[in-house]
$ cat data-v2.cif   # mmCIF, C-alpha atoms
data_start
loop_
_atom_site.label_atom_id
_atom_site.label_comp_id
_atom_site.auth_asym_id
_atom_site.auth_seq_id
_atom_site.Cartn_x
_atom_site.Cartn_y
_atom_site.Cartn_z
CA MET A 6 -22.97 -48.05 19.61
CA GLU A 7 -22.29 -45.49 22.28
CA ASN A 8 -20.11 -43.39 19.97
CA GLU A 9 -22.49 -43.43 16.99
CA GLU A 10 -24.21 -40.18 17.80
CA ASN A 11 -20.91 -38.46 18.16
CA ASN A 12 -19.54 -39.92 14.96
CA THR A 13 -22.13 -38.67 12.49
CA ILE A 14 -20.76 -36.15 10.10
CA ASN A 15 -21.63 -32.52 10.87
CA SER A 16 -22.70 -33.29 14.38
CA GLY A 17 -20.87 -30.24 15.65
CA GLN A 18 -20.33 -31.93 18.99
CA GLY A 19 -17.06 -33.02 20.51
CA SER A 20 -14.52 -31.97 23.11
CA PRO A 21 -15.60 -28.65 24.67
CA TRP A 22 -12.05 -27.40 24.30
CA ALA A 23 -11.73 -28.22 20.60
CA VAL A 24 -13.77 -25.30 19.31
CA PRO A 25 -12.37 -22.48 21.45
CA GLY A 26 -8.93 -23.97 21.04
CA ALA A 27 -9.20 -24.02 17.26
CA ILE A 28 -10.49 -20.45 17.19
CA LEU A 29 -7.67 -19.33 19.45
CA ILE A 30 -5.06 -21.06 17.30
CA SER A 31 -6.41 -19.63 14.06
CA GLY A 32 -6.71 -16.18 15.64
CA ILE A 33 -3.10 -16.32 16.79
CA LEU A 34 -1.95 -17.54 13.36
CA ILE A 35 -3.82 -14.78 11.61
CA ALA A 36 -2.67 -12.07 14.01
CA GLY A 37 0.86 -13.32 13.64
CA ALA A 38 0.53 -13.30 9.89
CA VAL A 39 -0.69 -9.73 9.90
CA ILE A 40 1.96 -8.44 12.25
CA TYR A 41 4.95 -10.48 11.16
CA GLY A 42 3.98 -11.40 7.65
CA GLY A 43 5.52 -9.50 4.73
CA ASP A 44 8.62 -7.52 5.59
CA SER A 45 10.29 -8.68 8.71
CA LYS A 46 12.28 -5.47 8.91
CA ASN A 47 11.70 -2.45 11.08
CA ASN A 48 8.02 -1.61 11.39
CA ASN A 49 8.85 2.03 10.72
CA ALA A 50 10.35 1.22 7.31
CA MET A 51 8.51 2.32 4.20
CA GLU A 52 8.66 0.44 0.94
CA ASN A 53 10.37 2.24 -1.88
CA ASN A 54 8.85 0.73 -4.99
CA GLY A 55 10.45 -2.57 -4.04
CA GLN A 56 13.91 -1.08 -4.30
CA GLY A 57 14.65 -1.28 -0.62
CA ASN A 58 13.38 0.29 2.53
CA VAL A 59 13.68 3.90 3.55
CA ALA A 60 13.72 4.06 7.29
CA VAL A 61 11.48 6.75 8.72
CA LYS A 62 12.81 7.56 12.13
CA GLN A 63 10.37 8.38 14.84
CA GLN A 64 10.39 12.16 15.02
CA GLU A 65 11.61 13.65 18.28
CA ALA A 66 10.67 17.21 19.05
CA ILE A 67 13.44 19.55 17.92
CA THR A 68 14.39 22.43 20.14
CA LEU A 69 16.69 25.12 18.90
CA SER A 70 18.51 27.66 20.97
CA GLU A 71 18.91 31.34 20.10
CA LYS A 72 22.54 30.56 19.33
CA ASP A 73 21.49 27.88 16.82
CA LEU A 74 19.09 30.24 15.10
CA LYS A 75 21.73 32.95 14.87
CA LYS A 76 23.87 30.57 12.80
CA VAL A 77 21.20 30.57 10.11
CA ALA A 78 20.00 34.14 10.51
CA ASN A 79 19.93 34.82 6.74
CA PHE A 80 18.03 31.66 6.05
CA GLN A 81 15.56 32.50 8.81
CA GLU A 82 15.05 36.00 7.47
CA CYS A 83 14.48 34.64 3.97
CA LEU A 84 11.90 32.18 5.23
CA ASN A 85 10.08 34.69 7.40
CA SER A 86 9.98 37.32 4.64
CA GLY A 87 7.97 35.09 2.31
CA LYS A 88 9.94 36.39 -0.67
CA TYR A 89 9.59 33.13 -2.55
CA ALA A 90 5.89 32.65 -1.91
CA ALA A 91 5.04 34.01 -5.35
CA ARG A 92 7.47 31.67 -7.08
CA VAL A 93 5.97 28.67 -5.30
CA SER A 94 2.50 29.79 -6.38
CA GLU A 95 3.70 30.20 -9.98
CA ASN A 96 5.06 26.66 -9.98
CA LEU A 97 1.76 25.39 -8.57
CA ALA A 98 -0.22 27.16 -11.27
CA ASP A 99 2.14 25.82 -13.92
CA GLY A 100 1.71 22.27 -12.67
CA THR A 101 -2.05 22.58 -12.54
CA ALA A 102 -2.26 24.07 -16.04
CA SER A 103 -0.19 21.22 -17.45
CA GLY A 104 -2.64 18.66 -16.05
CA GLY A 105 -1.29 17.89 -12.58
CA GLN A 106 -4.00 16.58 -10.24
CA GLY A 107 -1.77 15.32 -7.49
CA THR A 108 1.81 14.74 -6.52
CA PRO A 109 4.28 13.73 -7.65
CA TRP A 110 3.42 14.94 -11.13
CA SER A 111 6.17 14.73 -13.72
CA ILE A 112 6.51 15.47 -17.38
CA VAL A 113 9.23 13.92 -19.52
CA VAL A 114 10.04 16.49 -22.18
CA VAL A 115 11.76 15.61 -25.44
CA GLU A 116 13.22 18.91 -26.60
CA GLY A 117 11.01 20.19 -29.40
CA GLY A 118 9.06 16.99 -29.51
CA ALA A 119 6.88 14.71 -27.42
CA LYS A 120 5.97 15.12 -23.79
CA TYR A 121 5.05 12.18 -21.58
CA PRO A 122 3.17 12.44 -18.26
CA ILE A 123 4.29 10.44 -15.24
CA ASN A 124 1.44 10.36 -12.80
CA GLY A 125 2.45 9.44 -9.29
CA ALA A 126 5.42 7.63 -7.81
CA LEU A 127 5.97 5.12 -10.57
CA PRO A 128 8.68 2.52 -9.94
CA TYR A 129 12.11 2.92 -11.49
CA ALA A 130 11.50 0.36 -14.22
CA GLN A 131 8.47 2.24 -15.56
CA VAL A 132 10.20 5.62 -15.51
CA LYS A 133 13.19 4.06 -17.25
CA ALA A 134 10.96 2.72 -20.01
CA VAL A 135 9.56 6.20 -20.66
CA LEU A 136 13.04 7.74 -20.60
CA ASP A 137 14.48 5.19 -23.00
CA LYS A 138 11.66 5.92 -25.44
CA ALA A 139 12.17 9.67 -25.04
CA LEU A 140 15.91 9.37 -25.59
CA THR A 141 15.37 7.39 -28.79
CA GLU A 142 12.93 10.02 -30.05
CA ALA A 143 15.29 12.82 -29.09
CA LYS A 144 18.01 11.14 -31.15
CA ASP A 145 15.95 10.33 -34.27
CA GLY A 146 13.71 13.41 -34.13
CA SER A 147 10.62 11.30 -34.82
CA THR A 148 8.35 13.41 -32.61
CA LYS A 149 9.67 16.84 -33.63
CA GLY A 150 6.90 19.43 -33.63
CA GLN A 151 4.40 17.04 -32.07
CA SER A 152 1.43 18.55 -30.26
CA ASN A 153 0.92 17.26 -26.70
CA GLY A 154 -2.32 18.90 -25.56
CA ALA A 155 -2.31 20.34 -22.03
CA LEU A 156 1.25 19.14 -21.48
CA ASP A 157 2.45 21.83 -23.91
CA SER A 158 1.33 24.50 -21.45
CA VAL A 159 4.13 23.58 -19.01
CA ALA A 160 6.55 26.47 -18.69
CA LYS A 161 9.80 26.09 -20.61
CA VAL A 162 12.89 25.28 -18.58
CA THR A 163 15.08 28.32 -18.01
CA LYS A 164 18.18 29.09 -15.97
CA ASP A 165 15.90 30.28 -13.18
CA ASP A 166 14.70 26.72 -12.69
CA HIS A 167 16.35 24.25 -10.34
CA VAL A 168 18.05 21.88 -12.75
CA LEU A 169 20.17 18.89 -11.80
CA GLY A 170 22.18 17.89 -14.80
CA ASN A 171 22.73 19.47 -18.18
CA ILE A 172 20.26 22.33 -18.73
CA ASN A 173 20.61 21.69 -22.48
CA ALA A 174 19.89 17.98 -22.17
CA PRO A 175 17.67 16.65 -24.99
CA VAL A 176 15.37 15.03 -22.43
CA LYS A 177 14.26 16.73 -19.24
CA ILE A 178 12.06 15.45 -16.44
CA ILE A 179 10.07 18.28 -14.90
CA GLU A 180 8.88 17.09 -11.50
CA PHE A 181 6.18 18.91 -9.54
CA SER A 182 6.53 17.87 -5.92
CA ASP A 183 5.19 18.41 -2.40
CA PRO A 184 7.67 17.94 0.48
CA GLU A 185 4.95 16.49 2.74
CA CYS A 186 3.65 13.98 0.23
CA PRO A 187 4.75 10.42 1.10
CA PHE A 188 4.69 9.43 -2.57
CA CYS A 189 6.98 12.35 -3.43
CA LYS A 190 9.35 11.14 -0.74
CA ARG A 191 9.42 7.75 -2.37
CA PHE A 192 9.71 9.20 -5.89
CA HIS A 193 12.60 11.43 -4.87
CA ILE A 194 14.73 8.35 -4.35
CA THR A 195 13.66 6.99 -7.73
CA MET A 196 14.61 10.27 -9.36
CA GLU A 197 18.01 10.28 -7.66
CA GLU A 198 18.64 6.86 -9.12
CA ILE A 199 17.44 7.99 -12.54
CA ILE A 200 19.80 10.95 -12.54
CA SER A 201 22.64 8.83 -11.23
CA ASN A 202 22.20 6.47 -14.20
CA TYR A 203 21.12 8.88 -16.93
CA GLY A 204 22.50 12.24 -15.89
CA LYS A 205 26.19 11.51 -16.30
CA GLY A 206 26.16 11.66 -20.09
CA GLY A 207 24.26 14.94 -20.09
CA GLN A 208 21.33 13.38 -21.90
CA VAL A 209 18.77 13.71 -19.10
CA ALA A 210 18.20 16.57 -16.66
CA TRP A 211 15.95 16.77 -13.60
CA VAL A 212 13.94 19.95 -13.11
CA TYR A 213 12.24 20.45 -9.74
CA ARG A 214 9.16 22.62 -9.34
CA HIS A 215 6.89 23.11 -6.37
CA PHE A 216 3.39 21.73 -6.07
CA PRO A 217 2.29 22.05 -2.44
CA LEU A 218 -1.12 20.52 -1.81
CA ASP A 219 -2.38 23.13 0.64
CA SER A 220 -5.62 21.35 1.46
CA LEU A 221 -3.81 18.12 2.43
CA HIS A 222 -0.47 19.44 3.68
CA PRO A 223 -0.67 23.02 4.98
CA LYS A 224 3.01 22.92 6.03
CA ALA A 225 4.21 22.09 2.51
CA ARG A 226 4.12 25.64 1.16
CA LYS A 227 6.53 26.96 3.81
CA GLU A 228 8.78 23.97 3.23
CA ALA A 229 8.81 24.76 -0.48
CA GLU A 230 9.90 28.30 0.36
CA ALA A 231 12.62 26.84 2.59
CA LEU A 232 13.95 24.95 -0.44
CA GLU A 233 14.11 28.23 -2.32
CA CYS A 234 15.91 29.93 0.57
CA ALA A 235 18.46 27.13 0.58
CA GLY A 236 18.77 27.56 -3.19
CA GLU A 237 19.59 31.20 -2.62
CA GLN A 238 22.72 29.98 -0.85
CA GLY A 239 23.54 27.41 -3.51
CA LYS A 240 22.32 24.36 -1.57
CA PHE A 241 18.93 23.69 -3.19
CA TRP A 242 19.47 20.06 -4.11
CA GLU A 243 21.25 19.15 -0.88
CA TYR A 244 18.46 20.72 1.15
CA THR A 245 15.79 19.02 -0.96
CA SER A 246 17.39 15.60 -0.52
CA LYS A 247 17.68 16.14 3.20
CA ILE A 248 14.11 17.25 3.70
CA TYR A 249 12.77 14.26 1.79
CA GLU A 250 15.03 12.00 3.79
CA VAL A 251 13.92 13.18 7.23
CA THR A 252 10.28 14.08 6.73
CA PRO A 253 7.72 11.69 8.22
CA SER A 254 5.34 13.06 5.52
CA ASN A 255 1.61 13.68 5.81
CA ASN A 256 2.11 17.15 7.28
CA ARG A 257 4.11 15.90 10.25
CA LEU A 258 7.49 17.57 9.76
CA ASP A 259 8.50 19.62 12.79
CA PRO A 260 8.91 23.22 11.52
CA ASN A 261 12.13 23.52 13.54
CA GLN A 262 13.54 20.80 11.31
CA LEU A 263 13.78 23.40 8.52
CA TYR A 264 16.36 25.30 10.57
CA LYS A 265 18.10 22.17 11.76
CA ILE A 266 18.65 21.04 8.16
CA ALA A 267 19.96 24.52 7.34
CA ILE A 268 22.40 24.32 10.25
CA ASP A 269 23.49 20.81 9.28
CA LEU A 270 24.16 21.93 5.71
CA GLY A 271 26.17 24.93 6.85
CA LEU A 272 23.78 27.60 5.60
CA ASN A 273 23.89 31.00 7.24
CA MET B 17 -12.01 -0.24 -16.87
CA LYS B 18 -10.69 1.63 -13.87
CA ILE B 19 -11.65 -1.09 -11.37
CA ILE B 20 -9.79 -3.73 -13.34
CA SER B 21 -6.67 -1.57 -13.54
CA ILE B 22 -6.86 -0.92 -9.77
CA LEU B 23 -7.12 -4.66 -9.11
CA ARG B 24 -4.34 -5.48 -11.53
CA GLU B 25 -2.05 -2.81 -10.07
CA ALA B 26 -2.63 -3.92 -6.48
CA ILE B 27 -2.30 -7.64 -7.18
CA LYS B 28 0.90 -6.98 -9.13
CA GLU B 29 2.37 -4.90 -6.30
CA VAL B 30 1.41 -7.19 -3.44
CA PHE B 31 1.95 -10.58 -5.01
CA SER B 32 5.17 -9.74 -6.78
CA LYS B 33 6.66 -10.68 -3.44
CA LYS B 34 6.54 -14.40 -2.76
CA ARG B 35 6.06 -13.92 0.98
CA TYR B 36 2.61 -12.44 0.41
CA ILE B 37 1.62 -15.32 -1.85
CA LEU B 38 2.77 -17.67 0.89
CA LEU B 39 0.88 -15.70 3.51
CA ALA B 40 -2.36 -15.68 1.53
CA LEU B 41 -2.12 -19.40 0.80
CA SER B 42 -1.20 -20.31 4.37
CA VAL B 43 -4.13 -18.42 5.84
CA PHE B 44 -6.42 -19.78 3.13
CA PHE B 45 -5.51 -23.37 3.97
CA VAL B 46 -5.70 -22.85 7.72
CA VAL B 47 -9.16 -21.30 7.50
CA LEU B 48 -10.29 -23.85 4.92
CA PHE B 49 -9.25 -26.77 7.05
CA LEU B 50 -10.76 -25.27 10.16
CA ALA B 51 -13.99 -24.49 8.32
CA PHE B 52 -14.41 -28.03 7.08
CA TRP B 53 -12.72 -30.01 9.82
CA LEU B 54 -14.10 -28.21 12.87
CA PRO B 55 -17.68 -29.50 12.58
CA ASN B 56 -16.33 -33.00 12.01
CA LEU B 57 -13.69 -32.97 14.69
CA ALA B 58 -15.09 -35.82 16.78
CA LEU B 59 -15.51 -38.08 13.79
CA LEU B 60 -12.10 -37.17 12.36
CA SER B 61 -10.33 -37.74 15.65
CA SER B 62 -11.95 -41.15 16.18
CA PHE B 63 -11.00 -42.06 12.62
CA PHE B 64 -7.39 -40.98 13.10
CA LEU B 65 -7.05 -42.67 16.46
CA SER B 66 -8.41 -45.96 15.13
CA LYS B 67 -5.75 -48.62 14.71
CA ASN B 68 -7.82 -50.57 12.21
CA ILE B 69 -7.71 -47.94 9.49
CA GLY B 70 -4.70 -47.48 7.25
CA PHE B 71 -2.81 -44.19 6.79
CA PHE B 72 -3.98 -43.57 3.23
CA GLU B 73 -7.56 -44.34 4.15
CA LYS B 74 -7.33 -41.84 6.98
CA LEU B 75 -5.86 -39.26 4.59
CA SER B 76 -8.54 -39.91 2.02
CA PHE B 77 -11.27 -39.58 4.64
CA SER B 78 -9.87 -36.30 5.96
CA PHE B 79 -10.23 -34.82 2.46
CA SER B 80 -13.65 -36.32 1.91
CA VAL B 81 -15.13 -33.81 4.33
CA PHE B 82 -14.53 -31.15 1.67
CA ASN B 83 -17.92 -32.12 0.33
CA LEU B 84 -18.15 -29.62 -2.47
CA PHE B 85 -20.19 -32.09 -4.47
CA ASP B 86 -22.98 -34.21 -3.08
CA ASN B 87 -24.23 -36.82 -5.55
CA GLY B 88 -22.91 -34.78 -8.43
CA LYS B 89 -24.59 -31.56 -7.27
CA LEU B 90 -22.54 -28.56 -6.15
CA GLU B 91 -22.99 -27.94 -2.43
CA LEU B 92 -23.62 -24.22 -2.08
CA SER B 93 -22.73 -23.97 1.58
CA SER B 94 -19.41 -25.74 1.00
CA LEU B 95 -18.69 -23.47 -1.95
CA MET B 96 -19.38 -20.40 0.18
CA LEU B 97 -17.03 -21.61 2.89
CA PHE B 98 -14.39 -22.23 0.23
CA LEU B 99 -14.85 -18.70 -1.12
CA GLU B 100 -14.75 -17.26 2.36
CA SER B 101 -11.47 -18.99 3.09
CA LEU B 102 -10.01 -17.71 -0.18
CA LEU B 103 -11.10 -14.15 0.48
CA PHE B 104 -9.93 -14.39 4.06
CA GLY B 105 -6.44 -15.35 2.90
CA LEU B 106 -6.45 -12.58 0.30
CA ASN B 107 -7.55 -10.03 2.89
CA VAL B 108 -4.88 -11.00 5.37
CA ALA B 109 -2.17 -10.64 2.71
CA LEU B 110 -3.53 -7.29 1.51
CA PHE B 111 -4.01 -6.05 5.06
CA SER B 112 -0.50 -7.09 6.03
CA PHE B 113 1.00 -5.34 2.99
CA TYR B 114 -0.97 -2.19 3.62
CA TYR B 115 -0.21 -2.22 7.34
CA LYS B 116 3.43 -2.42 6.48
CA LYS B 117 3.13 0.64 4.26
CA ARG B 118 1.99 2.57 7.32
CA LYS B 119 -0.85 4.37 5.71
CA LYS B 120 -4.22 5.29 7.15
CA TYR B 121 -6.84 3.01 5.81
CA VAL B 122 -10.52 2.90 5.92
CA GLY B 123 -10.91 -0.72 4.93
CA GLY B 124 -10.13 -2.02 8.39
CA THR B 125 -13.66 -1.98 9.66
CA ALA B 126 -14.99 -3.92 6.70
CA SER B 127 -11.96 -6.21 6.73
CA ILE B 128 -12.19 -7.05 10.40
CA GLY B 129 -15.98 -7.18 10.14
CA GLY B 130 -15.72 -9.57 7.25
CA MET B 131 -13.32 -11.78 9.09
CA MET B 132 -15.52 -11.83 12.21
CA ALA B 133 -18.65 -12.53 10.17
CA GLY B 134 -16.76 -15.36 8.57
CA LEU B 135 -15.95 -16.82 11.95
CA LEU B 136 -19.62 -16.68 12.81
CA GLY B 137 -20.42 -18.54 9.64
CA ILE B 138 -17.86 -21.27 10.11
CA GLY B 139 -19.42 -24.49 11.13
CA CYS B 140 -22.31 -26.15 9.35
CA ALA B 141 -25.59 -24.33 9.13
CA SER B 142 -27.57 -27.13 10.73
CA CYS B 143 -25.41 -27.44 13.81
CA GLY B 144 -25.00 -23.75 14.40
CA SER B 145 -22.08 -21.40 14.10
CA VAL B 146 -18.90 -22.10 15.98
CA LEU B 147 -18.66 -18.80 17.80
CA LEU B 148 -22.30 -18.62 18.74
CA SER B 149 -22.05 -22.12 20.19
CA LEU B 150 -19.50 -20.79 22.65
CA PHE B 151 -22.23 -18.68 24.14
CA GLY B 152 -24.87 -21.37 23.98
CA PHE B 153 -26.68 -19.69 21.12
CA SER B 154 -25.87 -22.24 18.45
CA GLY B 155 -29.50 -23.30 18.08
CA ALA B 156 -30.57 -19.72 17.46
CA VAL B 157 -29.36 -19.86 13.85
CA LEU B 158 -32.12 -22.36 13.11
CA PHE B 159 -34.59 -19.51 13.39
CA LEU B 160 -32.86 -17.53 10.66
CA PRO B 161 -34.50 -17.83 7.22
CA PHE B 162 -31.48 -19.56 5.70
CA LYS B 163 -30.43 -21.27 8.90
CA GLY B 164 -27.10 -19.50 9.31
CA GLU B 165 -26.05 -19.24 5.66
CA GLU B 166 -26.68 -15.51 6.02
CA PHE B 167 -23.42 -15.21 7.93
CA ASN B 168 -21.53 -16.76 5.05
CA VAL B 169 -23.07 -14.39 2.51
CA LEU B 170 -22.46 -11.39 4.77
CA SER B 171 -18.88 -12.47 5.31
CA ILE B 172 -18.24 -12.86 1.58
CA VAL B 173 -19.75 -9.45 0.83
CA LEU B 174 -17.72 -7.73 3.56
CA LEU B 175 -14.54 -9.48 2.51
CA LEU B 176 -15.07 -8.46 -1.12
CA ILE B 177 -15.64 -4.85 -0.10
CA SER B 178 -12.59 -4.76 2.13
CA SER B 179 -10.45 -6.45 -0.55
CA TYR B 180 -11.45 -3.79 -3.05
CA VAL B 181 -10.86 -0.92 -0.61
CA LEU B 182 -7.45 -2.28 0.37
CA MET B 183 -6.46 -2.83 -3.26
CA LYS B 184 -7.55 0.69 -4.15
CA ARG B 185 -5.41 2.11 -1.35
CA ILE B 186 -2.44 -0.05 -2.29
CA SER B 187 -2.60 0.97 -5.95
CA GLU B 188 -2.51 4.67 -5.10
CA LYS B 189 0.70 6.33 -6.27
CA SER B 190 0.03 9.97 -5.58
CA CYS B 191 -1.50 12.50 -3.20
CA LYS B 192 -4.54 13.95 -4.94
CA ILE B 193 -5.71 17.56 -4.99
CA GLN B 194 -8.82 17.73 -2.78
#
$ encode --input "data-v2.cif" --output "structure tokens"
Amino acid sequence: MENEENNTINSGQGSPWAVPGAILISGILIAGAVIYGGDSKNNNAMENNGQGNVAVKQQEAITLSEKDLKKVANFQECLNSGKYAARVSENLADGTASGGQGTPWSIVVVEGGAKYPINGALPYAQVKAVLDKALTEAKDGSTKGQSNGALDSVAKVTKDDHVLGNINAPVKIIEFSDPECPFCKRFHITMEEIISNYGKGGQVAWVYRHFPLDSLHPKARKEAEALECAGEQGKFWEYTSKIYEVTPSNNRLDPNQLYKIAIDLGLN
Amino acid sequence: MKIISILREAIKEVFSKKRYILLALSVFFVVLFLAFWLPNLALLSSFFLSKNIGFFEKLSFSFSVFNLFDNGKLELSSLMLFLESLLFGLNVALFSFYYKKRKKYVGGTASIGGMMAGLLGIGCASCGSVLLSLFGFSGAVLFLPFKGEEFNVLSIVLLLISSYVLMKRISEKSCKIQ
């Protein structure tokens, strides 16, 4: 029969348009799947541990006038003086000594008892599980006097620390963070939710310490000092939240943004 | 083992969302059907256009081209195409997830390479690869030691590498000290 040759299985012959057409269709499907598959929201959005998207706005260059800078003259002087450089370095050394090998690095401290490491930007559910365990142990004293290896070298929390919540809380989360780290940006939101849920009763406090990764994010150290300068004027936590909100991370924050945030928060 | 925890972490993160499961499966089926149906397109179309063959017979025939077993023996080339399609779907889902996270990745070269090698391998070994046939080089595969199966193996290896690299990147939760 005239069609026999064409009808054998695996002949590989047929309409000349079938093959390129099929490749084109599959290529389009796959490209479409890659581009439009997954989140259909804004391409600039970044996942936040599945808790919703944090929009990262495209950064426009920020220009500040002399008049703008005069509004935050004290803040500018603080930043330029480098007076908090030593404190940032102390925090970094503290984090490293306690076992931190990256950011965010957090330690959940049960007062007088166990210490639990939180390595990286763990999702809310996992942090909650650790906190619930710590709170139980703080209440029943089951881990009192426990040795925790390198974690015990972390500096004790004092009034000189930046503490959100009750400084005498039985459970404290000491977070070592880098303002240019994208994971820290994500974890900051998780921590805000943690404190919102656990901080009200005074049982959990959030302690922020600096851990700039100089080799990855050279701008981070100055940004850490900026947080300290804002803290000098009583706006540490507001400034910290703002910087993590606006930073595009990965060492891309416009340095002028540090002054813009200060202006927006009413620093002088 | 660290590798297992990386894989578990990444799979958990990506496929906790149904849309990525759907994406992986959709791409898997599209590639699978194209891989098995493409070389048999003429036969399949004449079968489907025939008025003398019933609907269920047509359906049954269309699935018979998935000849994983030939006289009770596992067909290696069919198995490799099946694996390729599976890995292709997995890669697209992982790639899409990672792309959405807007990170720099290094797996792209292997991923795209794997996908392209897979396209070269699609089509039966004896009739030549689909893409090469576009350029009139389909017969050239006959001179390869395994008559074109090399493309399938290469594709599977590249897809496995890129899957691992993507999963490793996805499972990262922190910036590390250099």
$ resolve_selection --input "data-v2.cif" --expression "the PyMOL selection byres ((chain A and resi 127-140) around 7)" --output "VMD selection string"
(chain A and resid 54 115 125 to 126 141 to 144 176 195) or (chain B and resid 189)
$ resolve_selection --input "data-v2.cif" --expression "the PyMOL selection byres ((chain A and resi 235) around 12)" --output "PyMOL selection string"
chain A and resi 77+79-84+89+167+228-234+236-248+263-264+266-273
$ closest_residue --input "data-v2.cif" --among "A:Gly107, A:Gly170, A:Gly118, A:Gly100" --to "chain B" --atoms "all atoms listed in the file"
A:Gly107
$ residues_around --input "data-v2.cif" --residues "stretch 17-26 of chain B" --least-positions-apart "5" --cutoff "8 Å" --atoms "all atoms listed in the file" --output "mmCIF file with C-alpha atoms, in the coordinates of the input"
data_model
loop_
_atom_site.group_PDB
_atom_site.id
_atom_site.type_symbol
_atom_site.label_atom_id
_atom_site.label_comp_id
_atom_site.auth_asym_id
_atom_site.auth_seq_id
_atom_site.Cartn_x
_atom_site.Cartn_y
_atom_site.Cartn_z
ATOM 1 C CA TYR B 180 -11.450 -3.790 -3.050
ATOM 2 C CA MET B 183 -6.460 -2.830 -3.260
ATOM 3 C CA LYS B 184 -7.550 0.690 -4.150
ATOM 4 C CA ILE B 186 -2.440 -0.050 -2.290
ATOM 5 C CA SER B 187 -2.600 0.970 -5.950
#
$ closest_atom_pairs --input "data-v2.cif" --of "chain B" --to "chain A" --cutoff "8 Å" --atoms "only C-alpha atoms" --output "tab-separated table"
residue	atom	partner	partner_atom	distance
B:Arg35	CA	A:Gly43	CA	5.8
B:Tyr36	CA	A:Gly43	CA	6.0
B:Leu39	CA	A:Gly42	CA	6.7
B:Val43	CA	A:Ile35	CA	6.8
B:Val46	CA	A:Ser31	CA	7.1
B:Val47	CA	A:Ser31	CA	7.3
B:Leu50	CA	A:Ala27	CA	7.4
B:Leu54	CA	A:Val24	CA	7.1
B:Pro55	CA	A:Gly17	CA	4.5
B:Asn56	CA	A:Asn15	CA	5.4
B:Leu57	CA	A:Gly19	CA	6.7
B:Ala58	CA	A:Gly19	CA	5.1
B:Leu59	CA	A:Asn12	CA	4.6
B:Ser62	CA	A:Asn12	CA	7.8
B:Val108	CA	A:Val39	CA	6.3
B:Ala109	CA	A:Val39	CA	7.4
B:Phe111	CA	A:Val39	CA	6.9
B:Ser112	CA	A:Val39	CA	4.7
B:Phe113	CA	A:Gly43	CA	6.4
B:Tyr115	CA	A:Val39	CA	7.9
B:Lys116	CA	A:Asn48	CA	6.8
B:Lys117	CA	A:Met51	CA	5.6
B:Arg118	CA	A:Met51	CA	7.2
B:Gly139	CA	A:Gly17	CA	7.5
B:Cys140	CA	A:Asn15	CA	6.6
B:Cys143	CA	A:Gly17	CA	5.6
B:Gly144	CA	A:Gly17	CA	7.8
B:Val146	CA	A:Val24	CA	6.9
B:Leu150	CA	A:Pro25	CA	7.4
B:Lys189	CA	A:Gly125	CA	4.7
B:Ser190	CA	A:Gly125	CA	4.5
B:Cys191	CA	A:Gly107	CA	5.1
B:Lys192	CA	A:Gly107	CA	4.0
B:Ile193	CA	A:Gly107	CA	5.2
B:Gln194	CA	A:Ser220	CA	6.4
$ atom_distance --input "data-v2.cif" --atom1 "atom CA of A:Ala78" --atom2 "atom CA of A:Ala66"
21.1 Å
$ residues_around --input "data-v2.cif" --residues "A:Pro260" --least-positions-apart "5" --cutoff "9 Å" --atoms "all atoms listed in the file" --output "mmCIF file with C-alpha atoms, in the coordinates of the input"
data_model
loop_
_atom_site.group_PDB
_atom_site.id
_atom_site.type_symbol
_atom_site.label_atom_id
_atom_site.label_comp_id
_atom_site.auth_asym_id
_atom_site.auth_seq_id
_atom_site.Cartn_x
_atom_site.Cartn_y
_atom_site.Cartn_z
ATOM 1 C CA ILE A 67 13.440 19.550 17.920
ATOM 2 C CA LYS A 224 3.010 22.920 6.030
ATOM 3 C CA LYS A 227 6.530 26.960 3.810
ATOM 4 C CA GLU A 228 8.780 23.970 3.230
#
$ atom_distance --input "data-v2.cif" --atom1 "atom CA of A:Val212" --atom2 "atom CA of A:Val162"
7.7 Å
$ axis_aligned_box --input "data-v2.cif" --around "stretch 231-249 of chain A" --padding-each-side "4 Å" --output "JSON"
{"center_x": 18.1, "center_y": 22.7, "center_z": -0.2, "size_x": 18.9, "size_y": 24.9, "size_z": 15.8}
$ atom_distance --input "data-v2.cif" --atom1 "atom CA of B:Gly70" --atom2 "atom CA of B:Ala51"
24.8 Å
$ residues_around --input "data-v2.cif" --residues "A:Asn173" --least-positions-apart "2" --cutoff "9 Å" --atoms "all atoms listed in the file" --output "ChimeraX atom specification"
/A:116,170-171,175-177,207-210
$ write_last_selection --input "data-v2.cif" --atoms "C-alpha atoms" --output "mmCIF file, keeping the file's coordinate frame"
data_model
loop_
_atom_site.group_PDB
_atom_site.id
_atom_site.type_symbol
_atom_site.label_atom_id
_atom_site.label_comp_id
_atom_site.auth_asym_id
_atom_site.auth_seq_id
_atom_site.Cartn_x
_atom_site.Cartn_y
_atom_site.Cartn_z
ATOM 1 C CA GLU A 116 13.220 18.910 -26.600
ATOM 2 C CA GLY A 170 22.180 17.890 -14.800
ATOM 3 C CA ASN A 171 22.730 19.470 -18.180
ATOM 4 C CA PRO A 175 17.670 16.650 -24.990
ATOM 5 C CA VAL A 176 15.370 15.030 -22.430
ATOM 6 C CA LYS A 177 14.260 16.730 -19.240
ATOM 7 C CA GLY A 207 24.260 14.940 -20.090
ATOM 8 C CA GLN A 208 21.330 13.380 -21.900
ATOM 9 C CA VAL A 209 18.770 13.710 -19.100
ATOM 10 C CA ALA A 210 18.200 16.570 -16.660
#
